[in-house]
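Have a look at data_8.txt below; it lists compact mmCIF, C-alpha atoms.
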```
# COMPACT_ATOMS: atom_id res chain seq x y z
CA MET A 9 0.00 0.00 0.00
CA PHE A 10 1.06 3.62 -0.38
CA ARG A 11 1.53 6.20 2.38
CA LEU A 12 -1.76 6.95 4.08
CA GLY A 13 -2.91 9.72 6.38
CA SER A 14 -1.90 9.67 10.03
CA ALA A 15 -5.22 8.22 11.25
CA SER A 16 -5.22 5.39 8.72
CA ARG A 17 -1.53 4.81 9.36
CA GLY A 18 -2.22 4.48 13.08
CA VAL A 19 -4.92 1.90 12.46
CA LEU A 20 -2.64 -0.10 10.18
CA LEU A 21 0.27 -0.05 12.63
CA ALA A 22 -2.02 -1.08 15.46
CA ALA A 23 -3.18 -3.97 13.31
CA ALA A 24 0.43 -4.89 12.70
CA LEU A 25 0.96 -5.21 16.45
CA LEU A 26 -1.95 -7.65 16.58
CA LEU A 27 -0.42 -9.64 13.71
CA PRO A 28 3.28 -9.75 14.57
CA THR A 29 4.11 -12.48 12.08
CA ALA A 30 2.80 -10.47 9.17
CA GLY A 31 3.86 -6.85 9.60
CA VAL A 32 2.53 -4.04 7.43
CA ALA A 33 4.45 -2.69 4.45
CA ILE A 34 3.70 0.94 3.70
CA VAL A 35 5.18 2.12 0.41
CA VAL A 36 6.62 5.64 0.59
CA PRO A 37 7.24 6.82 -2.98
CA VAL A 38 10.21 9.16 -3.51
CA THR A 39 11.06 11.13 -6.64
CA THR A 40 13.19 14.05 -5.37
CA PRO A 41 16.09 14.57 -2.96
CA ALA A 42 13.83 16.54 -0.61
CA GLN A 43 11.35 13.67 -0.52
CA LEU A 44 14.13 11.20 0.26
CA ILE A 45 15.36 13.33 3.16
CA ALA A 46 11.82 13.72 4.48
CA ALA A 47 11.08 9.99 4.15
CA ILE A 48 14.19 9.06 6.12
CA ASP A 49 13.40 11.64 8.81
CA ALA A 50 9.82 10.36 9.17
CA ALA A 51 10.60 6.66 8.81
CA ALA A 52 8.62 4.18 10.86
CA PRO A 53 8.50 0.36 11.08
CA GLY A 54 7.10 -1.17 7.90
CA ASP A 55 7.99 1.73 5.63
CA VAL A 56 9.30 0.76 2.19
CA ILE A 57 10.91 3.96 0.96
CA THR A 58 10.98 3.45 -2.80
CA LEU A 59 13.08 5.67 -5.04
CA ALA A 60 11.98 6.20 -8.60
CA ALA A 61 14.63 6.07 -11.32
CA GLY A 62 16.71 9.22 -11.36
CA THR A 63 19.54 11.09 -9.67
CA TYR A 64 19.38 12.27 -6.06
CA ASP A 65 22.01 14.83 -5.05
CA ILE A 66 22.38 14.90 -1.27
CA THR A 67 24.58 17.30 0.70
CA GLN A 68 23.70 16.21 4.24
CA ASN A 69 23.74 13.10 6.42
CA LEU A 70 20.66 10.90 6.32
CA ASN A 71 20.07 9.80 9.91
CA CYS A 72 18.49 6.36 10.19
CA ASP A 73 17.83 6.47 13.92
CA VAL A 74 14.34 4.98 14.26
CA ALA A 75 14.19 1.22 14.70
CA GLY A 76 12.27 -1.14 12.52
CA THR A 77 11.29 -4.59 13.72
CA ALA A 78 12.05 -8.11 12.55
CA ASN A 79 8.59 -8.33 11.00
CA ALA A 80 8.38 -4.73 9.87
CA PRO A 81 11.86 -3.50 8.91
CA ILE A 82 12.44 -0.08 7.39
CA VAL A 83 13.42 -0.59 3.76
CA VAL A 84 15.12 1.91 1.45
CA ARG A 85 15.12 0.61 -2.10
CA ALA A 86 15.21 1.57 -5.76
CA ALA A 87 12.10 0.77 -7.78
CA ILE A 88 14.45 -0.47 -10.54
CA HIS A 89 17.71 -2.23 -9.76
CA LEU A 90 20.43 0.49 -9.75
CA GLY A 91 17.92 2.89 -11.28
CA ALA A 92 18.24 5.40 -8.43
CA LEU A 93 21.64 7.10 -8.22
CA ILE A 94 22.29 8.77 -4.87
CA ARG A 95 25.23 11.17 -5.07
CA PHE A 96 26.57 12.21 -1.68
CA ASP A 97 28.63 15.39 -1.33
CA THR A 98 29.06 15.06 2.41
CA LEU A 99 31.38 13.35 4.87
CA GLU A 100 28.92 10.52 5.61
CA GLY A 101 25.81 9.40 3.77
CA PHE A 102 23.45 7.07 5.59
CA LYS A 103 24.12 7.13 9.35
CA VAL A 104 22.46 4.01 10.71
CA SER A 105 22.15 3.75 14.49
CA ALA A 106 18.93 1.75 14.86
CA ARG A 107 18.10 -1.86 14.13
CA HIS A 108 16.25 -3.56 11.29
CA TRP A 109 17.01 -1.32 8.33
CA VAL A 110 17.33 -2.73 4.81
CA PHE A 111 18.98 -1.02 1.82
CA GLU A 112 18.69 -2.65 -1.59
CA ASP A 113 19.20 -2.07 -5.31
CA LEU A 114 20.72 1.41 -4.83
CA ASP A 115 23.54 3.07 -6.76
CA ILE A 116 25.50 5.24 -4.31
CA GLN A 117 28.41 7.47 -5.27
CA GLY A 118 30.63 9.89 -3.40
CA VAL A 119 31.17 13.06 -5.41
CA CYS A 120 33.17 15.26 -3.02
CA ALA A 121 35.81 17.41 -4.70
CA ALA A 122 38.30 16.40 -1.99
CA HIS A 123 38.46 12.68 -1.29
CA ALA A 124 38.89 13.30 2.45
CA ASP A 125 35.42 14.85 2.45
CA CYS A 126 33.65 11.64 1.30
CA GLU A 127 34.34 9.10 4.03
CA HIS A 128 31.40 6.69 4.12
CA ALA A 129 28.32 5.76 2.15
CA PHE A 130 27.15 4.02 5.33
CA HIS A 131 28.27 4.76 8.87
CA ILE A 132 26.86 2.03 11.10
CA PHE A 133 27.07 2.37 14.85
CA GLY A 134 25.36 1.77 18.17
CA ASP A 135 22.19 -0.30 18.05
CA ALA A 136 22.19 -0.88 14.27
CA ASP A 137 21.71 -4.65 14.62
CA PHE A 138 20.23 -6.71 11.77
CA LEU A 139 21.14 -4.21 9.07
CA ARG A 140 20.96 -5.52 5.50
CA ILE A 141 22.77 -3.96 2.52
CA ARG A 142 22.22 -5.90 -0.68
CA ARG A 143 22.25 -5.75 -4.47
CA SER A 144 23.70 -2.24 -4.43
CA ARG A 145 26.66 -0.44 -5.95
CA LEU A 146 28.84 1.69 -3.66
CA ARG A 147 31.65 3.70 -5.20
CA ASP A 148 34.11 6.47 -4.51
CA PHE A 149 34.30 6.67 -0.72
CA ASN A 150 37.29 6.08 1.56
CA ALA A 151 35.36 3.38 3.40
CA GLN A 152 32.02 2.68 1.77
CA VAL A 153 30.86 0.83 4.89
CA LYS A 154 32.20 1.84 8.31
CA SER A 155 31.00 0.29 11.58
CA ASN A 156 32.09 1.08 15.12
CA VAL A 157 31.04 1.53 18.74
CA THR A 158 28.85 4.21 20.28
CA ALA A 159 28.01 4.32 23.99
CA GLY A 160 29.32 0.79 24.43
CA GLN A 161 27.14 -0.71 21.69
CA PHE A 162 28.42 -2.46 18.57
CA PRO A 163 26.19 -3.39 15.61
CA ASP A 164 25.63 -7.17 15.45
CA ASP A 165 24.12 -9.60 12.93
CA VAL A 166 24.73 -7.41 9.89
CA VAL A 167 24.58 -8.91 6.38
CA ILE A 168 26.35 -7.27 3.42
CA GLU A 169 25.45 -9.34 0.38
CA ASP A 170 25.61 -9.22 -3.40
CA ASN A 171 26.96 -5.68 -3.73
CA GLU A 172 29.72 -4.03 -5.73
CA PHE A 173 32.40 -1.89 -4.07
CA ALA A 174 35.07 0.02 -6.00
CA ASP A 175 36.68 3.38 -6.63
CA SER A 176 37.03 5.05 -10.00
CA ALA A 177 40.51 6.31 -9.08
CA PRO A 178 43.00 6.02 -6.21
CA ARG A 179 41.80 7.85 -3.11
CA GLN A 180 43.84 11.00 -2.57
CA THR A 181 43.73 10.84 1.21
CA ASP A 182 45.80 9.79 4.18
CA ASN A 183 42.64 8.55 5.93
CA PRO A 184 42.03 4.77 6.05
CA VAL A 185 40.91 3.26 2.74
CA THR A 186 39.00 0.01 3.19
CA LYS A 187 35.79 -0.76 1.35
CA ILE A 188 34.20 -2.58 4.32
CA ASP A 189 35.75 -1.36 7.60
CA VAL A 190 34.24 -2.99 10.69
CA VAL A 191 35.49 -2.43 14.26
CA GLY A 192 33.72 -4.69 16.77
CA GLY A 193 30.43 -6.48 16.34
CA ARG A 194 29.34 -10.09 16.18
CA ARG A 195 28.11 -12.48 13.52
CA TRP A 196 28.70 -10.22 10.52
CA ILE A 197 28.23 -11.90 7.15
CA VAL A 198 30.00 -10.48 4.10
CA ARG A 199 28.82 -12.66 1.23
CA ALA A 200 28.88 -12.69 -2.57
CA ASN A 201 30.22 -9.17 -3.03
CA PHE A 202 32.39 -7.91 -5.89
CA ILE A 203 35.15 -5.70 -4.45
CA HIS A 204 37.74 -4.21 -6.79
CA ASP A 205 40.05 -1.27 -7.48
CA PHE A 206 40.81 0.42 -4.16
CA GLU A 207 43.95 2.37 -3.35
CA LYS A 208 45.15 4.73 -0.65
CA ALA A 209 47.31 7.17 -2.59
CA LEU A 210 48.83 9.08 0.36
CA ASP A 211 50.66 8.32 3.61
CA ASN A 212 51.32 4.56 4.04
CA TYR A 213 49.58 3.57 0.75
CA VAL A 214 47.96 0.48 2.39
CA SER A 215 44.34 -0.36 1.60
CA TYR A 216 42.05 -3.35 2.14
CA ALA A 217 39.07 -4.81 0.34
CA ALA A 218 37.39 -5.63 3.68
CA PHE A 219 38.20 -6.37 7.28
CA LEU A 220 36.54 -7.24 10.59
CA LYS A 221 38.59 -6.21 13.63
CA GLY A 222 38.28 -4.66 17.10
CA ASN A 223 37.75 -7.97 18.96
CA SER A 224 34.81 -8.74 16.71
CA ARG A 225 33.40 -12.30 16.78
CA ASP A 226 32.07 -15.06 14.56
CA GLY A 227 32.46 -13.16 11.28
CA LEU A 228 32.02 -14.84 7.90
CA PHE A 229 33.57 -13.92 4.56
CA GLU A 230 32.23 -16.21 1.85
CA ARG A 231 31.72 -16.31 -1.92
CA ASN A 232 33.25 -12.88 -2.48
CA LEU A 233 35.15 -11.92 -5.62
CA VAL A 234 38.04 -9.53 -4.92
CA ILE A 235 40.18 -8.10 -7.72
CA CYS A 236 42.64 -5.70 -6.12
CA GLU A 237 43.85 -4.26 -9.42
CA ARG A 238 41.50 -4.39 -12.39
CA ASP A 239 40.95 -0.86 -13.75
CA HIS A 240 43.87 0.87 -12.03
CA ALA A 241 46.98 -0.22 -10.16
CA GLY A 242 49.30 0.98 -7.42
CA GLY A 243 49.80 1.16 -3.70
CA VAL A 244 49.70 -1.82 -1.37
CA ARG A 245 46.31 -3.50 -1.73
CA LEU A 246 45.26 -6.43 0.47
CA GLY A 247 42.26 -8.68 0.02
CA LEU A 248 40.15 -9.98 2.92
CA SER A 249 41.27 -9.67 6.52
CA LEU A 250 40.33 -10.56 10.04
CA GLY A 251 42.22 -8.00 12.06
CA GLY A 252 43.10 -5.48 9.38
CA GLY A 253 45.92 -3.19 10.48
CA GLY A 254 45.00 -3.55 14.15
CA SER A 255 42.96 -1.35 16.50
CA SER A 256 43.63 1.00 19.40
CA PRO A 257 42.91 2.14 22.04
CA GLY A 258 41.10 -0.67 23.82
CA SER A 259 38.03 1.51 24.41
CA ILE A 260 37.03 1.20 20.73
CA CYS A 261 37.09 -2.60 20.87
CA GLU A 262 34.73 -5.18 22.33
CA GLU A 263 35.15 -5.77 26.07
CA GLY A 264 37.74 -2.98 26.19
CA THR A 265 40.53 -4.96 24.55
CA CYS A 266 41.72 -5.24 20.96
CA THR A 267 43.53 -8.54 21.51
CA PRO A 268 42.50 -10.62 19.73
CA GLU A 269 41.27 -8.51 16.86
CA HIS A 270 38.81 -11.23 15.82
CA GLN A 271 37.59 -14.50 17.29
CA HIS A 272 36.10 -17.60 15.65
CA GLY A 273 35.99 -16.22 12.12
CA THR A 274 35.55 -18.13 8.87
CA VAL A 275 36.94 -17.26 5.43
CA ARG A 276 35.69 -19.73 2.82
CA ASN A 277 34.97 -20.06 -0.89
CA ASN A 278 36.37 -16.64 -1.84
CA ILE A 279 38.27 -15.75 -5.02
CA VAL A 280 40.99 -13.11 -4.60
CA ILE A 281 42.91 -11.92 -7.67
CA ASN A 282 45.74 -9.60 -8.58
CA CYS A 283 46.98 -8.19 -5.29
CA PRO A 284 50.63 -8.18 -6.40
CA ALA A 285 52.09 -6.16 -3.52
CA ASP A 286 50.64 -8.12 -0.61
CA VAL A 287 48.50 -10.99 0.60
CA GLY A 288 45.06 -12.09 -0.47
CA ILE A 289 44.06 -13.11 3.07
CA TYR A 290 45.54 -11.47 6.18
CA LEU A 291 44.96 -12.72 9.73
CA ASN A 292 46.11 -10.17 12.30
CA SER A 293 45.58 -11.37 15.87
CA ALA A 294 42.69 -13.51 14.66
CA ALA A 295 42.02 -16.35 17.09
CA ASP A 296 40.48 -19.67 16.06
CA THR A 297 40.08 -18.87 12.38
CA LYS A 298 38.96 -21.27 9.66
CA VAL A 299 40.36 -20.55 6.19
CA TYR A 300 38.88 -23.08 3.79
CA ASP A 301 38.61 -23.57 0.03
CA ASN A 302 39.71 -20.15 -1.16
CA THR A 303 41.39 -19.46 -4.52
CA LEU A 304 44.12 -16.79 -4.51
CA ILE A 305 45.60 -15.75 -7.86
CA ALA A 306 48.54 -13.35 -8.32
CA THR A 307 48.89 -12.48 -4.63
CA THR A 308 51.75 -13.03 -2.18
CA GLY A 309 49.69 -15.56 -0.23
CA ILE A 310 48.19 -15.78 3.27
CA ASP A 311 49.65 -14.31 6.47
CA VAL A 312 48.86 -15.62 9.97
CA ARG A 313 50.37 -12.92 12.15
CA PHE A 314 50.97 -12.31 15.86
CA ALA A 315 50.64 -14.67 18.80
CA SER A 316 46.87 -14.24 19.09
CA SER A 317 46.41 -15.64 15.59
CA THR A 318 45.54 -19.32 15.40
CA ALA A 319 44.19 -20.72 12.17
CA ASP A 320 43.21 -23.91 10.41
CA LEU A 321 43.84 -23.65 6.65
CA ARG A 322 42.61 -26.39 4.33
CA ASN A 323 41.87 -26.93 0.66
CA ASN A 324 43.13 -23.52 -0.46
CA LEU A 325 44.72 -22.79 -3.86
CA VAL A 326 47.32 -20.15 -3.10
CA ALA A 327 49.54 -17.95 -5.22
CA GLY A 328 52.41 -17.16 -2.90
CA VAL A 329 52.91 -18.85 0.47
CA ILE A 330 51.16 -19.44 3.77
CA ARG A 331 53.25 -17.73 6.44
CA ASN A 332 53.16 -17.81 10.23
CA ARG A 333 54.59 -14.44 11.28
CA ASP A 334 55.47 -12.85 14.63
CA GLY A 335 54.22 -15.78 16.67
CA GLY A 336 51.13 -16.68 14.63
CA SER A 337 50.35 -20.40 14.35
CA SER A 338 48.36 -22.57 12.00
CA THR A 339 47.45 -26.11 11.09
CA LEU A 340 47.43 -27.05 7.41
CA GLY A 341 45.80 -29.64 5.20
CA SER A 342 45.41 -30.21 1.45
CA ASN A 343 46.52 -26.71 0.42
CA LEU A 344 48.42 -26.01 -2.79
CA THR A 345 50.81 -23.06 -2.49
CA GLY A 346 53.34 -21.29 -4.68
CA ILE A 347 51.04 -21.40 -7.70
CA THR A 348 52.26 -19.10 -10.46
CA THR A 349 50.03 -17.20 -12.85
CA ALA A 350 51.41 -19.34 -15.66
CA GLN A 351 50.24 -22.46 -13.84
CA TYR A 352 46.80 -20.97 -13.24
CA GLU A 353 46.60 -20.17 -16.94
CA GLN A 354 47.15 -23.84 -17.70
CA TRP A 355 44.34 -24.81 -15.36
CA PHE A 356 41.70 -22.15 -16.16
CA VAL A 357 40.49 -20.21 -19.19
CA ASP A 358 41.34 -16.69 -17.96
CA PRO A 359 42.23 -16.62 -14.26
CA LEU A 360 43.25 -12.95 -14.05
CA ALA A 361 39.79 -12.05 -15.34
CA ALA A 362 38.17 -14.45 -12.84
CA ASP A 363 37.13 -16.92 -15.54
CA LEU A 364 37.88 -20.18 -13.75
CA THR A 365 36.32 -22.39 -16.40
CA LEU A 366 38.22 -25.63 -16.05
CA VAL A 367 40.94 -26.61 -18.53
CA ASP A 368 43.01 -29.02 -16.45
CA GLY A 369 42.17 -29.95 -12.86
CA THR A 370 44.57 -32.81 -12.40
CA VAL A 371 46.17 -31.45 -9.24
CA PHE A 372 43.07 -30.19 -7.40
CA VAL A 373 39.86 -31.86 -8.63
CA ASP A 374 38.68 -34.55 -6.18
CA LEU A 375 41.78 -33.98 -4.03
CA ALA A 376 40.44 -31.87 -1.14
CA GLU A 377 39.43 -32.89 2.35
CA ALA A 378 35.70 -33.17 2.96
CA LEU A 379 34.82 -30.48 5.51
CA ALA A 380 31.51 -30.15 7.31
CA ALA A 381 32.15 -26.38 7.48
CA VAL A 382 32.17 -26.16 3.66
CA PRO A 383 29.09 -27.97 2.32
CA ASP A 384 28.98 -25.95 -0.92
CA ASP A 385 31.21 -23.81 -3.15
CA TYR A 386 31.55 -20.29 -4.54
CA CYS A 387 28.36 -20.71 -6.56
CA GLY A 388 26.43 -22.51 -3.84
CA THR A 389 26.90 -25.86 -5.58
CA THR A 390 26.91 -28.78 -3.17
CA ARG A 391 30.36 -30.32 -2.77
CA ASP A 392 30.48 -34.05 -3.37
CA SER A 393 32.11 -36.76 -1.27
CA ALA A 394 35.42 -36.22 -3.10
CA PRO A 395 35.54 -32.40 -3.11
CA ASP A 396 37.88 -30.16 -5.08
CA ARG A 397 40.50 -27.81 -3.71
CA GLY A 398 39.78 -24.12 -4.11
CA ALA A 399 36.61 -22.06 -4.26
CA VAL A 400 34.91 -23.99 -7.07
CA GLU A 401 33.53 -27.52 -7.09
CA TYR A 402 33.81 -28.90 -10.61
CA ALA A 403 30.86 -31.24 -10.50
CA GLY A 404 27.41 -30.79 -11.98
CA ALA A 405 26.32 -27.26 -12.91
CA ILE A 406 28.83 -24.83 -14.40
CA CYS A 407 29.96 -22.22 -11.88
CA GLU A 408 29.99 -18.62 -13.17
CA THR A 409 33.07 -17.27 -11.41
CA THR A 410 33.19 -13.88 -13.12
CA ARG A 411 30.01 -12.99 -11.28
CA ALA A 412 30.28 -12.36 -7.55
CA GLY A 413 28.74 -15.28 -5.73
CA GLY A 414 28.28 -17.29 -8.91
CA ALA A 415 25.47 -17.61 -11.42
CA THR A 416 22.83 -16.09 -9.11
CA GLY A 417 24.91 -12.99 -8.37
CA VAL A 418 23.85 -9.56 -9.58
CA PHE A 419 27.21 -8.13 -10.57
CA ARG A 420 29.19 -9.53 -13.44
CA ASP A 421 31.76 -7.19 -14.96
CA GLY A 422 30.80 -4.29 -12.75
CA PHE A 423 31.37 -0.72 -13.76
CA SER A 424 34.20 1.01 -15.52
CA THR A 425 35.05 4.44 -16.77
CA GLY A 426 35.73 3.17 -20.27
CA GLY A 427 38.18 6.03 -20.70
CA THR A 428 35.39 8.63 -20.67
CA GLY A 429 35.34 9.46 -16.99
CA GLN A 430 31.63 8.57 -16.94
CA TRP A 431 30.38 5.46 -15.16
CA SER A 432 28.38 2.95 -17.09
CA ALA A 433 26.84 -0.29 -15.92
CA ALA A 434 27.60 -3.65 -17.46
CA LEU A 435 24.73 -5.60 -16.01
CA PRO A 436 23.65 -9.19 -16.62
```

Here is a file; write its structure as structure tokens.
Amino acid sequence: MFRLGSASRGVLLAAALLLPTAGVAIVVPVTTPAQLIAAIDAAAPGDVITLAAGTYDITQNLNCDVAGTANAPIVVRAAIHLGALIRFDTLEGFKVSARHWVFEDLDIQGVCAAHADCEHAFHIFGDADFLRIRRSRLRDFNAQVKSNVTAGQFPDDVVIEDNEFADSAPRQTDNPVTKIDVVGGRRWIVRANFIHDFEKALDNYVSYAAFLKGNSRDGLFERNLVICERDHAGGVRLGLSLGGGGSSPGSICEEGTCTPEHQHGTVRNNIVINCPADVGIYLNSAADTKVYDNTLIATTGIDVRFASSTADLRNNLVAGVIRNRDGGSSTLGSNLTGITTAQYEQWFVDPLAADLTLVDGTVFVDLAEALAAVPDDYCGTTRDSAPDRGAVEYAGAICETTRAGGATGVFRDGFSTGGTGQWSAALP
């Protein structure tokens, strides 16, 4: 239904309380920036704020500080997938501090003249549990998603799924550059995202695709496609990390301590490509970590670093080496390391372009350990009793590896400037 008057709205919301399993969806149509701002400011449980196709130029924060419910979340969505372009010229875009918000099918771009002035598309903090960001494109921010503590609360149970994250050019800033930057929080799921082309061009030149740190717990990275260098190159670009570059002081971390940086995390079924200056997976003070069935191409490998890091690594295909550094420890099984790009090119059609169509699987097909923690693969295909090493199970249906998350993923080749300086979508 569409937005009704206050009396009718009150009746409907009262009815929703009597029918908690159903909820009431109230469509709030938006066609202008002013209407979007007003809809966010007036949001209530069950609202489905629906943006018509068009461009929305926003120069202020959008404060998402009213809670939805499990049965009546507050949804912000585009009527047409990627049809609504939100251009933020402000330090932070959506500031989410309340639970049960959903954002989907949006195209969000930072357009600040100075890169230091466009920090986050989403700043998530406090009681922002059960947030969902999905099927959206987020580009040209220092950290498209940033999460941290406020008043002792960390957002938990967040899902970031089936999105694209990238920057059109290196970020001219000495602020942190990480596409998904999470400090604290529990049970985060980062799944089936396409993350590519991110660079910190000033100061230490180190950037990450994504990390969970700050004594966060039970995080999951799975079925993500990371290409550190696709449209531009430079700097020191790392793939997925539990621990990132570390956190301090202890007051910003869970339970007042940043050691370990992460506990009980899982990194499985990811494809990480072309991170030539550093590792594809980095564990920094990450305790009890499971690293299973990932494929790393043209990276320096996997680091397990510092005494708090303990990891079990199995069934990974790894360009580079698996290293225990500065007291880190690991157990290993059925990994292949030291794989050169030339070897990958003998095994797959076009590995640097993420086309892992099989040419020759002699050394990894049917040669992995069966793991209860990895029942399926990058595409969600069930692994058989003699599973394959790496992110893809070569049995049954063909796995579409150039699309984040496989054949059901939204993003395929993503976006590129095409030499014109203008963004254009290359959608399935």

Neighbour list for A:Gln351 as a compact mmCIF listing (two decimals) with C-alpha atoms, in the coordinates of the input, cut-off 12 Å, only C-alpha atoms, skip fewer than 4 positions in-chain:
```
# COMPACT_ATOMS: atom_id res chain seq x y z
CA ILE A 305 45.60 -15.75 -7.86
CA ALA A 306 48.54 -13.35 -8.32
CA LEU A 325 44.72 -22.79 -3.86
CA VAL A 326 47.32 -20.15 -3.10
CA ALA A 327 49.54 -17.95 -5.22
CA LEU A 344 48.42 -26.01 -2.79
CA THR A 345 50.81 -23.06 -2.49
CA GLY A 346 53.34 -21.29 -4.68
CA ILE A 347 51.04 -21.40 -7.70
CA TRP A 355 44.34 -24.81 -15.36
CA PHE A 356 41.70 -22.15 -16.16
CA VAL A 357 40.49 -20.21 -19.19
CA ASP A 358 41.34 -16.69 -17.96
CA PRO A 359 42.23 -16.62 -14.26
CA LEU A 360 43.25 -12.95 -14.05
CA VAL A 367 40.94 -26.61 -18.53
CA ASP A 368 43.01 -29.02 -16.45
CA GLY A 369 42.17 -29.95 -12.86
CA THR A 370 44.57 -32.81 -12.40
CA VAL A 371 46.17 -31.45 -9.24
```

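Counting only C-alpha atoms and comparing A:Ile330, A:Val119, A:Ala136, A:Ala61, the residue that lies closest to A:Thr77 is A:Ala136.
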
Exercise. Any idea what's packed within 7 Å of stretch 186-191 of chain A, counting only C-alpha atoms, ignoring anything in its chain fewer than 2 positions away? Could you give it as a VMD selection string?
Worked result: chain A and resid 150 to 156 173 184 193 215 to 222 224 261

Problem set entry | Two-atom distance - atom CA of A:Arg142, atom CA of A:Leu233 (Å) |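 Separation between atom CA of A:Arg142 and atom CA of A:Leu233: 15.1 Å.
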
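Each of A:Ala121, A:Val32, A:Ala200, A:Cys266 was compared to A:Tyr386 using only C-alpha atoms, and A:Ala200 turns out to be the nearest.
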
Exercise. Counting only C-alpha atoms, which of A:Asn278, A:Thr158, A:Thr318, A:Thr58 gets nearest to A:Ile260?
Worked result: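 Residue with the minimum atom-to-atom distance to A:Ile260: A:Thr158.
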
For this session: Counting all atoms listed in the file, write as a ChimeraX atom specification all protein and nucleic acid residues lying at most 12 Å from (27.8, -25.5, -2.8) in the file's frame.
Result: /A:230-231,276-277,301,379-392,395-396,399-407,413-415

Those residues with C-alpha atoms, as a PDB file, in the frame of the given file please?
```
ATOM      1  CA  GLU A 230      32.230 -16.210   1.850  1.00  0.00           C
ATOM      2  CA  ARG A 231      31.720 -16.310  -1.920  1.00  0.00           C
ATOM      3  CA  ARG A 276      35.690 -19.730   2.820  1.00  0.00           C
ATOM      4  CA  ASN A 277      34.970 -20.060  -0.890  1.00  0.00           C
ATOM      5  CA  ASP A 301      38.610 -23.570   0.030  1.00  0.00           C
ATOM      6  CA  LEU A 379      34.820 -30.480   5.510  1.00  0.00           C
ATOM      7  CA  ALA A 380      31.510 -30.150   7.310  1.00  0.00           C
ATOM      8  CA  ALA A 381      32.150 -26.380   7.480  1.00  0.00           C
ATOM      9  CA  VAL A 382      32.170 -26.160   3.660  1.00  0.00           C
ATOM     10  CA  PRO A 383      29.090 -27.970   2.320  1.00  0.00           C
ATOM     11  CA  ASP A 384      28.980 -25.950  -0.920  1.00  0.00           C
ATOM     12  CA  ASP A 385      31.210 -23.810  -3.150  1.00  0.00           C
ATOM     13  CA  TYR A 386      31.550 -20.290  -4.540  1.00  0.00           C
ATOM     14  CA  CYS A 387      28.360 -20.710  -6.560  1.00  0.00           C
ATOM     15  CA  GLY A 388      26.430 -22.510  -3.840  1.00  0.00           C
ATOM     16  CA  THR A 389      26.900 -25.860  -5.580  1.00  0.00           C
ATOM     17  CA  THR A 390      26.910 -28.780  -3.170  1.00  0.00           C
ATOM     18  CA  ARG A 391      30.360 -30.320  -2.770  1.00  0.00           C
ATOM     19  CA  ASP A 392      30.480 -34.050  -3.370  1.00  0.00           C
ATOM     20  CA  PRO A 395      35.540 -32.400  -3.110  1.00  0.00           C
ATOM     21  CA  ASP A 396      37.880 -30.160  -5.080  1.00  0.00           C
ATOM     22  CA  ALA A 399      36.610 -22.060  -4.260  1.00  0.00           C
ATOM     23  CA  VAL A 400      34.910 -23.990  -7.070  1.00  0.00           C
ATOM     24  CA  GLU A 401      33.530 -27.520  -7.090  1.00  0.00           C
ATOM     25  CA  TYR A 402      33.810 -28.900 -10.610  1.00  0.00           C
ATOM     26  CA  ALA A 403      30.860 -31.240 -10.500  1.00  0.00           C
ATOM     27  CA  GLY A 404      27.410 -30.790 -11.980  1.00  0.00           C
ATOM     28  CA  ALA A 405      26.320 -27.260 -12.910  1.00  0.00           C
ATOM     29  CA  ILE A 406      28.830 -24.830 -14.400  1.00  0.00           C
ATOM     30  CA  CYS A 407      29.960 -22.220 -11.880  1.00  0.00           C
ATOM     31  CA  GLY A 413      28.740 -15.280  -5.730  1.00  0.00           C
ATOM     32  CA  GLY A 414      28.280 -17.290  -8.910  1.00  0.00           C
ATOM     33  CA  ALA A 415      25.470 -17.610 -11.420  1.00  0.00           C
TER      34      ALA A 415
END
```

Problem set entry | Near-A:His108 list (10 Å; only C-alpha atoms; drop same-chain fewer than 6 positions) as a PyMOL selection string | chain A and resi 53+74-83+135-140+166

Problem set entry | Residues within 12 Å of (36.6, 14.5, -2.2), file coords, only C-alpha atoms, listed as JSON, numbers by chain | {"A": [96, 97, 98, 99, 100, 117, 118, 119, 120, 121, 122, 123, 124, 125, 126, 127, 128, 148, 149, 150, 175, 177, 178, 179, 180, 181, 183]}

For this session: For stretch 242-253 of chain A, list every protein, DNA or RNA residue within 8 Å, evaluated using only C-alpha atoms, and leave out those in the same chain fewer than 6 positions away; present the list as a PyMOL selection string.
Result: chain A and resi 206-209+213-222+229+234+236+269-270+273+280+283-294

For this session: Can you pull out every residue within 6 Å of A:Asn323, counting all atoms listed in the file, but drop anything in the same chain fewer than 4 positions away, and send it as number ranges by chain?
Result: A: 300-301, 342-343, 376, 397-398

For this session: Counting all atoms listed in the file, figure out which residue out of A:Ile281, A:His131, A:Asp374, A:Val157 gets nearest to A:Asp205.
Result: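 Using all atoms listed in the file, A:Asp205 sits closest to A:Ile281.
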
For this session: Pick out the closest residue to A:Asn332 from this set: A:Ala350, A:Ile48, A:Ile310, A:Ala92. Count all atoms listed in the file.
Result: A:Ile310
